[in-house]
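Participant: Let me begin by handing over the structure; questions about it come next.
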Amino acid sequence: NLNGFFPPELAVNSRIIDVLDRLGYEWFLCDETAVEKGYGVYNFRPIVDDKFEDENKKILGVVRNRNLSNLISFKRNLDTKDLYDEMDRCQYCVVALDAEFFGHHFSDGFVVLDSIVEYVFKTGGEFTTVSEYVNAMRDNYFNVFDIKESSWGSLYAEDSFQIWNNKENKAHAIQWDIVYELLADIRKELNIENKYYDPSEYETLAIWLPSDMQKVKSEDIKAWFNLHKIIFSDWFWWASNEKFPDNKVAYDPEFIRRGLVAMGDVVKEYGSAPL
């Protein structure tokens, strides 16, 4: 395993943390909305008589600086003073954002990155990996009993997952109806049951790597993996119609169409439900 885990959309809850802990990860990233004390490194400990007892999980929660992360992510000009002010304020912090910012969402994103790097070195700062940060902060961990189910979408709505599952959004309602019907149909077709598998008995594989997927001998498991690969967050994100800090609206009918086509291909190969 790699040392740490970057959850898609920083979506976490207690069940995900338990799985990551059993898989042997040392840390995972999450948003500030997952905890009460803000960014930093967190131990997970049980509470007995209102006191924290010995650790019951080995994994650590690494909470990003949400403000700095989003200032960079939604930057659409070359005025970087607000970034410098936040870096001066936080001193030690983790930044987590989509790499798409650097050139895709903002053509001058690399110019902003160069400015950040220059400022950090100019002011005597340094860059480290998250694992190095975790080690450096070992005497300053926070203790927490549990974590709040959350994502980095918490910035935009009280509901952490509204961008992907808005009850008032008709497109989302249709999308999730399709997903639930498809999952039920494929589960029945492949005779897949909900059961616990001890991760220590299996090799951890990256389903996005063809070389790793070739190690999987079961065609049913391959089908189940392929199904989950096409239920990707962007399909719902670009149907959300949400307005973001950069004044853009998340709506792309072509993206929605491509997601439907991909699901149709899975149905043709493994399922029987109409799409």
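Naming scheme: A, B, ... for chains in displayed order of the structure tokens; residues 1 onward per chain; ligands 1 onward as shown.
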Can you list, as a list in words, every protein, DNA or RNA residue that comes within 8 Å of Ile147 in chain A when you count only C-alpha atoms, leaving out same-chain residues fewer than 6 positions away?

Facilitator: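 The residues that qualify are Asn13, Ser14, Ala34 and Val35 of chain A.
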
Participant: Tell me which protein, DNA and RNA residues are within 8 Å of Ile230 in chain A, counting only C-alpha atoms, leaving out same-chain ones fewer than 3 positions away, and put them as a PyMOL selection string.

Facilitator: chain A and resi 226-227+259+262-263

Participant: Have a look at CA of Val95 in chain A and CA of Asn65 in chain A and let me know their distance in Å, one decimal.

Facilitator: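 CA of Asn65 in chain A lies at a distance of 5.9 Å from CA of Val95 in chain A.
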
Participant: For the strand (DSSP E or B) assignment from backbone DSSP, which residues of range 112-257 of chain A qualify? Please present them as a list in words.

Facilitator: Phe142, Asn143, Val144, Ser150, Lys243 and Val249 of chain A

Participant: Generate the output file for the selected residues, N, CA, C and O atoms, as a short mmCIF file (atom, residue, chain, number, x, y, z; two decimals), in the first residue's frame.

Facilitator:
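Resulting contents of out-v5.cif:
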```cif
data_model
loop_
_atom_site.label_atom_id
_atom_site.label_comp_id
_atom_site.auth_asym_id
_atom_site.auth_seq_id
_atom_site.Cartn_x
_atom_site.Cartn_y
_atom_site.Cartn_z
N PHE A 142 -4.53 15.97 17.35
CA PHE A 142 -5.78 16.13 18.08
C PHE A 142 -6.38 14.74 18.32
O PHE A 142 -6.13 13.81 17.56
N ASN A 143 -7.17 14.62 19.38
CA ASN A 143 -7.91 13.39 19.63
C ASN A 143 -9.36 13.58 19.23
O ASN A 143 -9.97 14.62 19.51
N VAL A 144 -9.93 12.59 18.60
CA VAL A 144 -11.32 12.66 18.18
C VAL A 144 -11.94 11.28 18.29
O VAL A 144 -11.27 10.25 18.07
N SER A 150 -18.80 13.54 5.51
CA SER A 150 -18.59 14.84 4.87
C SER A 150 -17.84 14.67 3.55
O SER A 150 -17.39 13.58 3.19
N LYS A 243 -23.99 26.72 -8.49
CA LYS A 243 -23.14 27.86 -8.81
C LYS A 243 -21.98 27.89 -7.82
O LYS A 243 -22.18 27.79 -6.61
N VAL A 249 -21.44 27.63 -13.44
CA VAL A 249 -22.52 26.72 -13.06
C VAL A 249 -22.17 25.31 -13.52
O VAL A 249 -21.73 25.10 -14.66
#
```

Participant: So which residues touch Thr128 in chain A within 12 Å, counting only C-alpha atoms, skipping near sequence neighbours fewer than 6 positions away, as a PDB file with N, CA, C and O atoms, in the first residue's frame?

Facilitator:
```
ATOM      1  N   TYR A  92       1.535  25.913   9.049  1.00  0.00           N
ATOM      2  CA  TYR A  92       1.681  24.494   8.745  1.00  0.00           C
ATOM      3  C   TYR A  92       0.330  23.934   8.336  1.00  0.00           C
ATOM      4  O   TYR A  92      -0.592  23.911   9.148  1.00  0.00           O
ATOM      5  N   CYS A  93       0.203  23.509   7.112  1.00  0.00           N
ATOM      6  CA  CYS A  93      -1.107  23.002   6.697  1.00  0.00           C
ATOM      7  C   CYS A  93      -0.996  22.160   5.429  1.00  0.00           C
ATOM      8  O   CYS A  93       0.007  22.223   4.706  1.00  0.00           O
ATOM      9  N   VAL A  94      -2.031  21.395   5.184  1.00  0.00           N
ATOM     10  CA  VAL A  94      -2.108  20.534   4.000  1.00  0.00           C
ATOM     11  C   VAL A  94      -3.086  21.153   3.006  1.00  0.00           C
ATOM     12  O   VAL A  94      -4.171  21.615   3.388  1.00  0.00           O
ATOM     13  N   VAL A  95      -2.699  21.158   1.743  1.00  0.00           N
ATOM     14  CA  VAL A  95      -3.571  21.628   0.664  1.00  0.00           C
ATOM     15  C   VAL A  95      -4.015  20.430  -0.155  1.00  0.00           C
ATOM     16  O   VAL A  95      -3.205  19.582  -0.513  1.00  0.00           O
ATOM     17  N   VAL A 120       6.743  30.769  -1.025  1.00  0.00           N
ATOM     18  CA  VAL A 120       7.072  29.861   0.077  1.00  0.00           C
ATOM     19  C   VAL A 120       8.569  29.839   0.331  1.00  0.00           C
ATOM     20  O   VAL A 120       9.037  29.969   1.474  1.00  0.00           O
ATOM     21  N   VAL A 134       2.691  14.481   8.564  1.00  0.00           N
ATOM     22  CA  VAL A 134       2.130  13.681   9.654  1.00  0.00           C
ATOM     23  C   VAL A 134       3.209  13.393  10.695  1.00  0.00           C
ATOM     24  O   VAL A 134       2.975  13.495  11.908  1.00  0.00           O
ATOM     25  N   ASN A 135       4.392  13.048  10.232  1.00  0.00           N
ATOM     26  CA  ASN A 135       5.488  12.743  11.150  1.00  0.00           C
ATOM     27  C   ASN A 135       5.931  13.990  11.918  1.00  0.00           C
ATOM     28  O   ASN A 135       6.186  13.937  13.125  1.00  0.00           O
ATOM     29  N   ALA A 136       5.996  15.123  11.228  1.00  0.00           N
ATOM     30  CA  ALA A 136       6.436  16.365  11.864  1.00  0.00           C
ATOM     31  C   ALA A 136       5.438  16.843  12.916  1.00  0.00           C
ATOM     32  O   ALA A 136       5.819  17.504  13.895  1.00  0.00           O
TER      33      ALA A 136
END
```

Participant: Find the spatial neighbours of Arg258 in chain A, counting only C-alpha atoms, within a cut-off of 12 Å - ignore same-chain residues fewer than 3 positions away - and output them as an mmCIF file with N, CA, C and O atoms, in the first residue's frame.

Facilitator:
```cif
data_model
loop_
_atom_site.group_PDB
_atom_site.id
_atom_site.type_symbol
_atom_site.label_atom_id
_atom_site.label_comp_id
_atom_site.auth_asym_id
_atom_site.auth_seq_id
_atom_site.Cartn_x
_atom_site.Cartn_y
_atom_site.Cartn_z
ATOM 1 N N ILE A 230 -17.845 3.197 -13.484
ATOM 2 C CA ILE A 230 -18.638 4.119 -14.299
ATOM 3 C C ILE A 230 -19.620 4.933 -13.465
ATOM 4 O O ILE A 230 -20.223 5.880 -13.962
ATOM 5 N N ILE A 231 -19.790 4.575 -12.193
ATOM 6 C CA ILE A 231 -20.617 5.404 -11.314
ATOM 7 C C ILE A 231 -19.689 6.451 -10.701
ATOM 8 O O ILE A 231 -19.342 6.428 -9.537
ATOM 9 N N PHE A 232 -19.290 7.386 -11.521
ATOM 10 C CA PHE A 232 -18.278 8.356 -11.115
ATOM 11 C C PHE A 232 -18.925 9.676 -10.716
ATOM 12 O O PHE A 232 -19.990 10.053 -11.215
ATOM 13 N N ASP A 234 -18.304 12.813 -11.231
ATOM 14 C CA ASP A 234 -18.491 13.904 -12.197
ATOM 15 C C ASP A 234 -19.819 13.798 -12.931
ATOM 16 O O ASP A 234 -20.367 14.812 -13.381
ATOM 17 N N TRP A 235 -20.322 12.582 -13.081
ATOM 18 C CA TRP A 235 -21.600 12.410 -13.777
ATOM 19 C C TRP A 235 -22.722 13.171 -13.041
ATOM 20 O O TRP A 235 -23.586 13.800 -13.659
ATOM 21 N N PHE A 236 -22.679 13.131 -11.716
ATOM 22 C CA PHE A 236 -23.683 13.827 -10.899
ATOM 23 C C PHE A 236 -23.315 15.299 -10.721
ATOM 24 O O PHE A 236 -24.186 16.163 -10.690
ATOM 25 N N TRP A 238 -21.850 17.351 -12.783
ATOM 26 C CA TRP A 238 -22.194 18.195 -13.925
ATOM 27 C C TRP A 238 -23.671 18.179 -14.269
ATOM 28 O O TRP A 238 -24.098 18.724 -15.271
ATOM 29 N N ASP A 252 -23.441 20.210 -17.605
ATOM 30 C CA ASP A 252 -22.859 19.820 -18.882
ATOM 31 C C ASP A 252 -23.649 18.635 -19.436
ATOM 32 O O ASP A 252 -23.415 17.486 -19.048
ATOM 33 N N PRO A 253 -24.607 18.888 -20.327
ATOM 34 C CA PRO A 253 -25.435 17.795 -20.855
ATOM 35 C C PRO A 253 -24.637 16.722 -21.593
ATOM 36 O O PRO A 253 -25.028 15.553 -21.595
ATOM 37 N N GLU A 254 -23.513 17.093 -22.206
ATOM 38 C CA GLU A 254 -22.695 16.107 -22.898
ATOM 39 C C GLU A 254 -22.067 15.134 -21.911
ATOM 40 O O GLU A 254 -21.977 13.928 -22.171
ATOM 41 N N PHE A 255 -21.646 15.640 -20.777
ATOM 42 C CA PHE A 255 -21.080 14.786 -19.738
ATOM 43 C C PHE A 255 -22.142 13.805 -19.238
ATOM 44 O O PHE A 255 -21.870 12.615 -19.003
ATOM 45 N N VAL A 261 -24.310 6.543 -21.688
ATOM 46 C CA VAL A 261 -23.782 5.606 -22.696
ATOM 47 C C VAL A 261 -22.903 4.552 -22.031
ATOM 48 O O VAL A 261 -22.997 3.354 -22.330
ATOM 49 N N ALA A 262 -22.036 4.979 -21.101
ATOM 50 C CA ALA A 262 -21.159 4.045 -20.397
ATOM 51 C C ALA A 262 -21.968 3.036 -19.599
ATOM 52 O O ALA A 262 -21.646 1.835 -19.580
ATOM 53 N N MET A 263 -23.024 3.483 -18.955
ATOM 54 C CA MET A 263 -23.873 2.563 -18.192
ATOM 55 C C MET A 263 -24.600 1.603 -19.118
ATOM 56 O O MET A 263 -24.781 0.424 -18.807
ATOM 57 N N GLY A 264 -25.016 2.109 -20.279
ATOM 58 C CA GLY A 264 -25.678 1.243 -21.256
ATOM 59 C C GLY A 264 -24.767 0.113 -21.707
ATOM 60 O O GLY A 264 -25.212 -1.027 -21.892
ATOM 61 N N ASP A 265 -23.473 0.404 -21.854
ATOM 62 C CA ASP A 265 -22.512 -0.629 -22.258
ATOM 63 C C ASP A 265 -22.400 -1.714 -21.198
ATOM 64 O O ASP A 265 -22.291 -2.903 -21.521
#
```

Participant: Go through A:Glu203, A:Thr129, A:Arg76, A:Tyr251 one by one, measure the shortest atom-to-atom distance of each to Lys215 in chain A using only C-alpha atoms, and give the residue with the smallest value.

Facilitator: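 Ranked by minimum distance to Lys215 in chain A, first place goes to A:Glu203.
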
Participant: Of the residues A:Asp21, A:Tyr39, A:Ile72, A:Asn77, which is the one nearest to Ala99 in chain A, using only C-alpha atoms?

Facilitator: A:Ile72

Participant: Do a neighbour search on range 28-30 of chain A at 7 Å with only C-alpha atoms, toss out local chain neighbours closer than 4 positions, and write the hits as a VMD selection string.

Facilitator: chain A and resid 4 to 7 10 12 34 60 to 64

Participant: Please save C-alpha atoms of the selected residues as a PDB file, in the first residue's frame.

Facilitator:
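Output file out.pdb is given in full below:
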```
ATOM      1  CA  GLY A   4      -2.085   7.449   2.588  1.00  0.00           C
ATOM      2  CA  PHE A   5      -5.463   7.567   0.874  1.00  0.00           C
ATOM      3  CA  PHE A   6      -7.068  10.513  -0.953  1.00  0.00           C
ATOM      4  CA  PRO A   7     -10.820   9.770  -0.970  1.00  0.00           C
ATOM      5  CA  LEU A  10     -12.750  13.875   0.097  1.00  0.00           C
ATOM      6  CA  VAL A  12     -15.500  10.077   4.166  1.00  0.00           C
ATOM      7  CA  ALA A  34     -15.351  16.346   9.061  1.00  0.00           C
ATOM      8  CA  LEU A  60      -4.746   9.022  11.245  1.00  0.00           C
ATOM      9  CA  GLY A  61      -7.055  11.666   9.784  1.00  0.00           C
ATOM     10  CA  VAL A  62      -5.261  14.494   7.962  1.00  0.00           C
ATOM     11  CA  VAL A  63      -7.527  17.519   7.628  1.00  0.00           C
ATOM     12  CA  ARG A  64      -6.763  19.940   4.817  1.00  0.00           C
TER      13      ARG A  64
END
```

Participant: Please list as a PyMOL selection string every residue within 10 Å of Lys58 in chain A, counting only C-alpha atoms and excluding residues in the same chain fewer than 4 positions away.

Facilitator: chain A and resi 20-22+24-27+43-45

Participant: Store the residues picked out above, limited to C-alpha atoms, as a PDB file, in the first residue's frame.

Facilitator:
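What follows is the written file result_36.pdb:
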```pdb
ATOM      1  CA  LEU A  20      -8.884   1.939   5.250  1.00  0.00           C
ATOM      2  CA  ASP A  21      -7.646   1.094   8.727  1.00  0.00           C
ATOM      3  CA  ARG A  22      -8.017  -2.644   8.073  1.00  0.00           C
ATOM      4  CA  GLY A  24      -3.201  -0.845   6.574  1.00  0.00           C
ATOM      5  CA  TYR A  25      -3.224   2.771   5.427  1.00  0.00           C
ATOM      6  CA  GLU A  26      -1.424   5.138   7.795  1.00  0.00           C
ATOM      7  CA  TRP A  27      -3.523   8.224   7.033  1.00  0.00           C
ATOM      8  CA  ASN A  43      -6.034  10.318  16.344  1.00  0.00           C
ATOM      9  CA  PHE A  44      -9.175   8.194  16.679  1.00  0.00           C
ATOM     10  CA  ARG A  45      -9.763   7.159  20.289  1.00  0.00           C
TER      11      ARG A  45
END
```

Participant: Just checking: using only C-alpha atoms, which residue out of A:Tyr119, A:Trp176, A:Trp152, A:Phe110 ends up closest to Leu83 in chain A?

Facilitator: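 Counting only C-alpha atoms, the residue closest to Leu83 in chain A is A:Tyr119.
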
Participant: What separation in Å, quoted to one decimal, exists between CA of Ser131 in chain A and CA of Cys90 in chain A?

Facilitator: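 Straight-line distance from CA of Ser131 in chain A to CA of Cys90 in chain A works out to 18.4 Å.
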
Participant: If you count only C-alpha atoms, which residues fall within 9 Å of Leu97 in chain A, apart from same-chain ones fewer than 4 positions away, as a ChimeraX atom specification?

Facilitator: /A:9,69-70,72-73,101

Participant: Export N, CA and C atoms of the chosen residues as a PDB file, in the first residue's frame?

Facilitator:
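selection32.pdb written:
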```
ATOM      1  N   GLU A   9     -13.388  13.179  -3.953  1.00  0.00           N
ATOM      2  CA  GLU A   9     -14.178  14.309  -3.443  1.00  0.00           C
ATOM      3  C   GLU A   9     -14.013  14.485  -1.931  1.00  0.00           C
ATOM      4  N   SER A  69      -7.000  25.776   0.260  1.00  0.00           N
ATOM      5  CA  SER A  69      -7.244  24.849  -0.856  1.00  0.00           C
ATOM      6  C   SER A  69      -8.220  25.440  -1.857  1.00  0.00           C
ATOM      7  N   ASN A  70      -9.285  26.042  -1.353  1.00  0.00           N
ATOM      8  CA  ASN A  70     -10.306  26.576  -2.258  1.00  0.00           C
ATOM      9  C   ASN A  70      -9.928  27.933  -2.839  1.00  0.00           C
ATOM     10  N   ILE A  72      -6.997  28.569  -3.859  1.00  0.00           N
ATOM     11  CA  ILE A  72      -6.197  28.170  -5.018  1.00  0.00           C
ATOM     12  C   ILE A  72      -7.096  27.571  -6.094  1.00  0.00           C
ATOM     13  N   SER A  73      -7.988  26.669  -5.694  1.00  0.00           N
ATOM     14  CA  SER A  73      -8.809  25.930  -6.651  1.00  0.00           C
ATOM     15  C   SER A  73      -9.696  26.836  -7.492  1.00  0.00           C
ATOM     16  N   PHE A 101      -6.993  22.342 -11.814  1.00  0.00           N
ATOM     17  CA  PHE A 101      -6.848  23.806 -11.737  1.00  0.00           C
ATOM     18  C   PHE A 101      -5.647  24.287 -12.539  1.00  0.00           C
TER      19      PHE A 101
END
```

Participant: Using only C-alpha atoms, find the one residue out of A:Ile186, A:Phe225, A:Ser233, A:Ala239 that sits nearest to Asp212 in chain A.

Facilitator: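 Looking only at the distances to Asp212 in chain A, the closest residue turns out to be A:Phe225.
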
Participant: Point out the residue among A:Thr204, A:Gly124, A:Asp85, A:Asn241 with the least atom-to-atom distance to Gln162 in chain A, counting only C-alpha atoms.

Facilitator: A:Asn241
